[in-house]
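With mmCIF, C-alpha atoms and all ligand atoms inside, this is coords_5.cif:
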data_model
#
loop_
_atom_site.label_atom_id
_atom_site.label_comp_id
_atom_site.auth_asym_id
_atom_site.auth_seq_id
_atom_site.Cartn_x
_atom_site.Cartn_y
_atom_site.Cartn_z
CA MET A 1 -1.54 -21.06 -8.43
CA PHE A 2 1.00 -18.47 -7.45
CA ILE A 3 0.53 -16.44 -4.30
CA LYS A 4 3.55 -14.50 -3.14
CA LYS A 5 4.48 -15.26 0.46
CA GLU A 6 4.52 -11.54 1.28
CA HIS A 7 0.88 -11.20 0.17
CA THR A 8 -0.53 -13.89 2.40
CA TYR A 9 -0.36 -12.03 5.70
CA PHE A 10 -2.70 -9.31 4.50
CA LEU A 11 -5.10 -11.90 3.12
CA LYS A 12 -5.02 -13.69 6.47
CA VAL A 13 -5.93 -10.47 8.30
CA VAL A 14 -8.75 -9.80 5.82
CA SER A 15 -10.05 -13.33 6.35
CA ILE A 16 -10.06 -12.80 10.13
CA SER A 17 -11.90 -9.49 9.54
CA PHE A 18 -14.49 -11.24 7.43
CA LEU A 19 -15.00 -13.92 10.06
CA PHE A 20 -15.26 -11.33 12.80
CA LEU A 21 -17.80 -9.21 10.93
CA SER A 22 -19.84 -12.27 10.02
CA LEU A 23 -20.03 -13.19 13.70
CA ILE A 24 -21.08 -9.64 14.58
CA ALA A 25 -23.75 -9.73 11.83
CA PHE A 26 -25.03 -13.06 13.13
CA PHE A 27 -25.10 -11.74 16.68
CA LEU A 28 -27.06 -8.66 15.55
CA LEU A 29 -29.54 -10.91 13.77
CA TRP A 30 -29.94 -12.90 16.94
CA ILE A 31 -30.59 -9.77 19.03
CA VAL A 32 -33.09 -8.09 16.69
CA SER A 33 -34.99 -11.34 16.07
CA GLY A 34 -35.26 -12.37 19.67
CA GLY A 35 -33.62 -15.76 19.01
CA ILE A 36 -32.33 -17.85 16.09
CA GLU A 37 -35.67 -19.62 15.54
CA LYS A 38 -37.48 -16.32 15.02
CA ILE A 39 -35.17 -14.91 12.36
CA ASN A 40 -37.22 -13.70 9.42
CA PRO A 41 -35.09 -13.89 6.28
CA GLU A 42 -37.51 -11.80 4.27
CA LEU A 43 -36.76 -8.60 6.10
CA PRO A 44 -34.70 -6.15 4.02
CA PHE A 45 -32.26 -5.80 6.87
CA TYR A 46 -31.28 -9.46 6.60
CA ILE A 47 -31.03 -9.24 2.84
CA PHE A 48 -28.78 -6.24 3.25
CA LEU A 49 -26.57 -8.20 5.65
CA PHE A 50 -26.50 -11.11 3.22
CA PHE A 51 -25.22 -8.86 0.46
CA ILE A 52 -22.62 -7.36 2.73
CA ALA A 53 -21.40 -10.88 3.53
CA LEU A 54 -21.44 -11.78 -0.15
CA PHE A 55 -19.44 -8.68 -0.95
CA PHE A 56 -16.81 -9.67 1.60
CA LEU A 57 -16.58 -13.12 0.13
CA PHE A 58 -16.39 -11.80 -3.41
CA THR A 59 -13.66 -9.37 -2.45
CA ILE A 60 -11.50 -12.03 -0.85
CA ILE A 61 -11.93 -14.46 -3.73
CA PHE A 62 -11.31 -11.68 -6.22
CA ILE A 63 -8.15 -10.41 -4.58
CA SER A 64 -6.87 -13.97 -4.16
CA SER A 65 -7.54 -14.77 -7.79
CA LEU A 66 -5.22 -11.95 -8.83
CA PHE A 67 -2.28 -14.04 -7.78
CA ILE A 68 -3.08 -16.88 -10.14
CA LYS A 69 -1.77 -14.92 -13.11
CA TYR A 70 1.33 -13.22 -11.90
CA ASN A 71 3.71 -11.20 -14.03
CA ILE A 72 1.80 -11.31 -17.30
CA LYS A 73 0.54 -8.59 -19.65
CA TYR A 74 -3.10 -7.82 -19.03
CA ASN A 75 -5.57 -6.60 -21.61
CA LYS A 76 -7.74 -3.48 -21.20
CA LYS A 77 -10.66 -5.22 -19.49
CA GLN A 78 -8.36 -7.00 -17.06
CA VAL A 79 -6.64 -3.70 -16.26
CA ILE A 80 -10.03 -2.18 -15.38
CA LEU A 81 -10.70 -5.14 -13.06
CA LEU A 82 -7.26 -4.84 -11.48
CA ASN A 83 -7.79 -1.12 -10.94
CA PHE A 84 -11.08 -2.02 -9.30
CA ALA A 85 -9.20 -4.50 -7.10
CA ARG A 86 -6.82 -1.72 -6.06
CA LEU A 87 -9.77 0.53 -5.26
CA ILE A 88 -11.28 -2.20 -3.04
CA LEU A 89 -7.88 -2.88 -1.48
CA ILE A 90 -7.25 0.76 -0.58
CA LYS A 91 -10.71 2.09 0.21
CA PHE A 92 -12.22 -0.96 1.81
CA LEU A 93 -9.90 -3.82 2.78
CA TYR A 94 -7.03 -1.80 4.22
CA PRO A 95 -9.21 0.28 6.61
CA LEU A 96 -10.89 -2.96 7.67
CA ALA A 97 -7.57 -4.74 8.26
CA PHE A 98 -6.29 -1.69 10.14
CA PHE A 99 -9.35 -1.77 12.41
CA ILE A 100 -8.93 -5.49 13.07
CA THR A 101 -5.25 -5.09 13.99
CA SER A 102 -6.37 -2.64 16.70
CA ILE A 103 -8.82 -5.15 18.18
CA PHE A 104 -6.84 -8.38 17.99
CA ARG A 105 -3.30 -7.12 18.48
CA ILE A 106 -2.25 -8.55 15.13
CA ASN A 107 1.19 -7.42 13.92
CA ARG A 108 0.17 -4.19 12.19
CA GLU A 109 3.56 -3.51 10.65
CA LYS A 110 3.60 -6.94 9.03
CA MET A 111 0.05 -6.38 7.74
CA GLN A 112 1.07 -3.00 6.30
CA ASN A 113 4.16 -4.50 4.69
CA SER A 114 1.97 -7.10 3.02
CA PHE A 115 -0.52 -4.40 1.95
CA ILE A 116 2.31 -2.43 0.30
CA GLU A 117 3.45 -5.58 -1.53
CA ILE A 118 -0.05 -6.16 -2.90
CA ASN A 119 -0.39 -2.51 -3.88
CA ASN A 120 2.94 -2.72 -5.76
CA PHE A 121 1.87 -5.93 -7.46
CA LEU A 122 -1.39 -4.40 -8.68
CA LEU A 123 0.44 -1.33 -9.92
CA PHE A 124 3.03 -3.39 -11.78
CA SER A 125 0.16 -5.07 -13.59
CA THR A 126 -1.75 -1.92 -14.46
CA VAL A 127 0.30 1.27 -14.73
CA LYS A 128 1.71 2.38 -18.03
CA ARG A 129 5.48 2.73 -18.07
CA VAL A 130 6.62 6.35 -17.89
CA THR A 131 9.74 8.30 -18.77
CA HIS A 132 12.15 9.17 -15.96
CA GLU A 133 10.99 12.80 -15.99
CA ARG A 134 7.39 11.83 -15.13
CA MET A 135 8.49 9.89 -12.09
CA LEU A 136 9.15 11.26 -8.62
CA ILE A 137 10.96 9.70 -5.70
CA LEU A 138 9.88 10.71 -2.21
CA LEU A 139 12.32 10.08 0.62
CA PRO A 140 11.88 10.46 4.37
CA HIS A 141 14.09 12.93 6.22
CA CYS A 142 15.26 10.18 8.61
CA LEU A 143 17.48 8.75 5.85
CA GLN A 144 19.84 11.65 6.49
CA LEU A 145 22.46 11.09 9.19
CA HIS A 146 20.98 12.83 12.24
CA LYS A 147 24.20 14.79 12.90
CA CYS A 148 24.40 16.13 9.34
CA LYS A 149 23.56 19.82 8.93
CA ALA A 150 23.11 19.81 5.13
CA LYS A 151 19.70 21.25 4.24
CA ILE A 152 18.60 18.41 2.00
CA THR A 153 14.89 19.07 2.57
CA GLU A 154 15.28 22.27 0.53
CA ASP A 155 17.23 20.51 -2.20
CA ILE A 156 18.79 17.06 -2.07
CA HIS A 157 21.79 18.52 -3.94
CA ASN A 158 22.74 20.36 -0.74
CA CYS A 159 24.15 16.99 0.35
CA LEU A 160 27.94 17.35 0.73
CA SER A 161 28.48 13.77 -0.53
CA CYS A 162 30.43 12.57 2.48
CA GLY A 163 28.86 9.12 2.04
CA LYS A 164 27.95 8.60 5.69
CA CYS A 165 24.31 7.99 4.78
CA ASN A 166 22.35 6.83 1.70
CA ILE A 167 21.60 10.39 0.55
CA LYS A 168 24.85 10.62 -1.42
CA ASP A 169 24.05 7.51 -3.49
CA LEU A 170 20.43 8.55 -3.91
CA THR A 171 21.43 11.99 -5.18
CA MET A 172 23.74 10.36 -7.71
CA LEU A 173 21.00 7.94 -8.73
CA GLY A 174 18.52 10.79 -9.29
CA ASP A 175 21.05 12.75 -11.37
CA LYS A 176 22.06 9.75 -13.42
CA LYS A 177 18.48 8.76 -14.21
CA ASN A 178 17.15 12.34 -14.41
CA ILE A 179 14.50 11.71 -11.76
CA TYR A 180 13.36 14.38 -9.35
CA ILE A 181 13.98 13.37 -5.73
CA ALA A 182 12.30 15.15 -2.85
CA VAL A 183 13.00 14.71 0.84
CA ALA A 184 9.84 15.22 2.89
CA THR A 185 9.66 15.80 6.62
CA GLY A 186 6.00 14.79 6.78
CA GLY A 187 2.74 14.19 4.97
CA THR A 188 1.96 17.87 4.41
CA ILE A 189 5.28 18.53 2.67
CA ALA A 190 4.89 15.33 0.63
CA ARG A 191 1.43 16.43 -0.53
CA ALA A 192 2.78 19.89 -1.46
CA VAL A 193 5.57 18.31 -3.54
CA LEU A 194 3.08 16.09 -5.37
CA GLU A 195 0.85 19.10 -5.99
CA GLU A 196 3.72 21.08 -7.42
CA LYS A 197 5.46 18.40 -9.51
CA ARG A 198 2.37 16.46 -10.61
CA PRO A 199 4.21 13.20 -11.36
CA LYS A 200 2.60 10.28 -13.18
CA ILE A 201 4.20 7.71 -10.88
CA VAL A 202 5.72 8.00 -7.42
CA ILE A 203 8.15 5.74 -5.62
CA ALA A 204 8.00 6.43 -1.92
CA VAL A 205 10.52 5.25 0.65
CA ALA A 206 9.38 5.32 4.29
CA CYS A 207 8.32 3.14 7.20
CA GLU A 208 5.33 0.84 6.64
CA ARG A 209 2.98 3.16 8.55
CA ASP A 210 3.83 6.28 6.52
CA LEU A 211 3.84 4.38 3.26
CA SER A 212 0.40 2.93 3.90
CA SER A 213 -1.11 6.30 4.77
CA GLY A 214 0.69 7.89 1.80
CA ILE A 215 -0.74 5.29 -0.59
CA LEU A 216 -4.22 5.90 0.86
CA ASP A 217 -3.97 9.70 0.74
CA SER A 218 -2.61 9.83 -2.80
CA PHE A 219 -5.08 7.39 -4.36
CA PRO A 220 -5.67 7.12 -7.36
CA LEU A 221 -2.09 8.34 -8.04
CA PRO A 222 0.11 5.25 -8.44
CA VAL A 223 2.49 5.17 -5.47
CA PHE A 224 4.94 2.29 -5.24
CA GLY A 225 6.12 1.70 -1.69
CA LEU A 226 9.61 0.69 -0.61
CA PRO A 227 9.94 0.21 3.16
CA ASN A 228 13.13 1.55 4.71
CA MET A 229 15.39 -0.31 7.12
CA ARG A 230 15.60 0.91 10.70
CA PRO A 231 18.67 -0.57 12.41
CA ASN A 232 18.78 2.40 14.83
CA GLY A 233 15.09 2.35 15.68
CA PRO A 234 12.29 4.37 14.07
CA CYS A 235 12.99 7.77 12.50
CA ARG A 236 16.75 7.76 13.14
CA ASP A 237 19.50 7.17 10.59
CA THR A 238 17.37 4.84 8.52
CA LEU A 239 18.57 3.07 5.40
CA VAL A 240 17.29 2.10 1.99
CA ASP A 241 18.64 -0.54 -0.36
CA VAL A 242 19.68 1.60 -3.33
CA ASN A 243 20.03 -1.48 -5.56
CA VAL A 244 16.44 -2.50 -4.87
CA LEU A 245 15.31 1.05 -5.60
CA THR A 246 17.27 1.06 -8.88
CA GLU A 247 15.66 -2.25 -9.90
CA LEU A 248 12.23 -0.84 -9.08
CA ILE A 249 12.88 2.22 -11.25
CA GLU A 250 14.04 0.05 -14.15
CA LYS A 251 10.84 -2.00 -13.98
CA ILE A 252 8.67 1.11 -14.20
CA VAL A 253 10.32 3.36 -16.76
CA VAL A 254 10.07 2.94 -20.52
S1 LIG B 1 25.85 11.85 2.62
FE1 LIG B 1 26.86 13.06 4.20
S2 LIG B 1 26.48 15.17 3.65
FE2 LIG B 1 25.04 13.96 2.50
S3 LIG B 1 23.23 13.94 3.78
FE3 LIG B 1 24.38 12.10 4.31
S4 LIG B 1 25.64 12.72 6.04
FE4 LIG B 1 24.91 14.60 5.09
#

As structure tokens, the full file:
Amino acid sequence: MFIKKEHTYFLKVVSISFLFLSLIAFFLLWIVSGGIEKINPELPFYIFLFFIALFFLFTIIFISSLFIKYNIKYNKKQVILLNFARLILIKFLYPLAFFITSIFRINREKMQNSFIEINNFLLFSTVKRVTHERMLILLPHCLQLHKCKAKITEDIHNCLSCGKCNIKDLTMLGDKKNIYIAVATGGTIARAVLEEKRPKIVIAVACERDLSSGILDSFPLPVFGLPNMRPNGPCRDTLVDVNVLTELIEKIVV
């Protein structure tokens, strides 16, 4: 069995969520029944709770089972199942994990990093490879050196190529591979770019928080996430590993 180390944190948080909700469900049963000995299992309410619990269990087992067959070509039916897994991951498990990190002070950033890894894994297994022109790279504005006055949000080619931040290398990468690169200052701009360019696949670079919300907002559009590095703190002179980004592009394009 192969489970990537980066995936396990999210699965741990989901397991805690499941345990927590099961306890809440049990507690509710206790309250409405006036004691454990009076619980009537025939009531639809209990059946409903049972199915909810079963659904949780199924989801966890299902998501976990995805990691048994890693890095193989899936057939059509398996792709449908994996797309279903991504739907559950994004619409159901992530909001649940997010909620639990608020209650138990679990490391949310680590959970989001793990969520992004799982999202990428599911996409690698399901999306069809595209040509460079159908791909779009979304970058955060904080990659630009904060003192730089070049208006790269209008057009990344306004970069003066001084090389003091990653934008120079990223511009060259986009030109070399013929991929459109947009620099977004926020979610609204990012959405507008996606609306205008209508890419088939997106690679987004940002912090874990923005990537997670971007993946959620853009669903079902395939968005691969690549977390940035923040040696100067959040939102200031951030970095991205251009080699990792190049490798990611190569894995996705035909
Ligand atoms: S490489 Fe230089 S000119 Fe280009 S965005 Fe960065 S700091 Fe500005």

Within 7 Å of Gly225 (chain A), counting all atoms listed in the file, which residues qualify if same-chain residues fewer than 5 places away don't, as a PyMOL selection string?
-> chain A and resi 116+120+203-205+211

Given a cut-off of 10 Å, what residues near ligand LIG 1 (chain B) show up using all atoms listed in the file, put as a list in words?
-> His141, Leu143, Gln144, Leu145, His146, Lys147, Cys148, Lys149, Ala150, Lys151, Ile152, Thr153, Ile156, His157, Asn158, Cys159, Leu160, Ser161, Cys162, Gly163, Lys164, Cys165, Asn166, Ile167, Lys168, Asp169, Leu170, Thr171 and Asp237 of chain A

Those same residues - C-alpha atoms - I'd like them written as an mmCIF file, in the frame of the given file.
data_model
loop_
_atom_site.group_PDB
_atom_site.id
_atom_site.type_symbol
_atom_site.label_atom_id
_atom_site.label_comp_id
_atom_site.auth_asym_id
_atom_site.auth_seq_id
_atom_site.Cartn_x
_atom_site.Cartn_y
_atom_site.Cartn_z
ATOM 1 C CA HIS A 141 14.090 12.930 6.220
ATOM 2 C CA LEU A 143 17.480 8.750 5.850
ATOM 3 C CA GLN A 144 19.840 11.650 6.490
ATOM 4 C CA LEU A 145 22.460 11.090 9.190
ATOM 5 C CA HIS A 146 20.980 12.830 12.240
ATOM 6 C CA LYS A 147 24.200 14.790 12.900
ATOM 7 C CA CYS A 148 24.400 16.130 9.340
ATOM 8 C CA LYS A 149 23.560 19.820 8.930
ATOM 9 C CA ALA A 150 23.110 19.810 5.130
ATOM 10 C CA LYS A 151 19.700 21.250 4.240
ATOM 11 C CA ILE A 152 18.600 18.410 2.000
ATOM 12 C CA THR A 153 14.890 19.070 2.570
ATOM 13 C CA ILE A 156 18.790 17.060 -2.070
ATOM 14 C CA HIS A 157 21.790 18.520 -3.940
ATOM 15 C CA ASN A 158 22.740 20.360 -0.740
ATOM 16 C CA CYS A 159 24.150 16.990 0.350
ATOM 17 C CA LEU A 160 27.940 17.350 0.730
ATOM 18 C CA SER A 161 28.480 13.770 -0.530
ATOM 19 C CA CYS A 162 30.430 12.570 2.480
ATOM 20 C CA GLY A 163 28.860 9.120 2.040
ATOM 21 C CA LYS A 164 27.950 8.600 5.690
ATOM 22 C CA CYS A 165 24.310 7.990 4.780
ATOM 23 C CA ASN A 166 22.350 6.830 1.700
ATOM 24 C CA ILE A 167 21.600 10.390 0.550
ATOM 25 C CA LYS A 168 24.850 10.620 -1.420
ATOM 26 C CA ASP A 169 24.050 7.510 -3.490
ATOM 27 C CA LEU A 170 20.430 8.550 -3.910
ATOM 28 C CA THR A 171 21.430 11.990 -5.180
ATOM 29 C CA ASP A 237 19.500 7.170 10.590
#

Which residues come within 8 Å of Ala206 (chain A), counting all atoms listed in the file, excluding same-chain residues fewer than 6 positions away, as a PyMOL selection string?
-> chain A and resi 139-140+225-228

Between CA of Leu122 (chain A) and CA of Met229 (chain A), measure the distance and give it in Å to one decimal.
-> 23.4 Å

Computed interatomic separation between CA of His7 (chain A) and CA of Phe98 (chain A) (Å) = 15.5 Å

Skip Ile249 (chain A) itself and residues of its chain fewer than 4 positions away, then list as number ranges by chain all residues within 12 Å of it, counting only C-alpha atoms.
-> A: 124, 129-137, 173-174, 177-179, 201-204, 224-226, 242-245, 253-254

Spatial neighbours of Val14 (chain A), max dist 9 Å, only C-alpha atoms, sep filter under 2 positions, as a ChimeraX atom specification = /A:9-12,16-19,60,93-94,96-97,100

Name all residues at most 7 Å from Gln112 (chain A) (count only C-alpha atoms; drop same-chain ones fewer than 6 positions away) and give them as an MDAnalysis selection string.
-> chainID A and resid 208:209 212

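Nearest residue to Ser125 (chain A) among A:Arg86, A:Pro199, A:Leu221, A:Cys142 is A:Arg86, counting only C-alpha atoms.
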
CA of Ala184 (chain A) sits from CA of Glu117 (chain A) at a separation of 22.2 Å
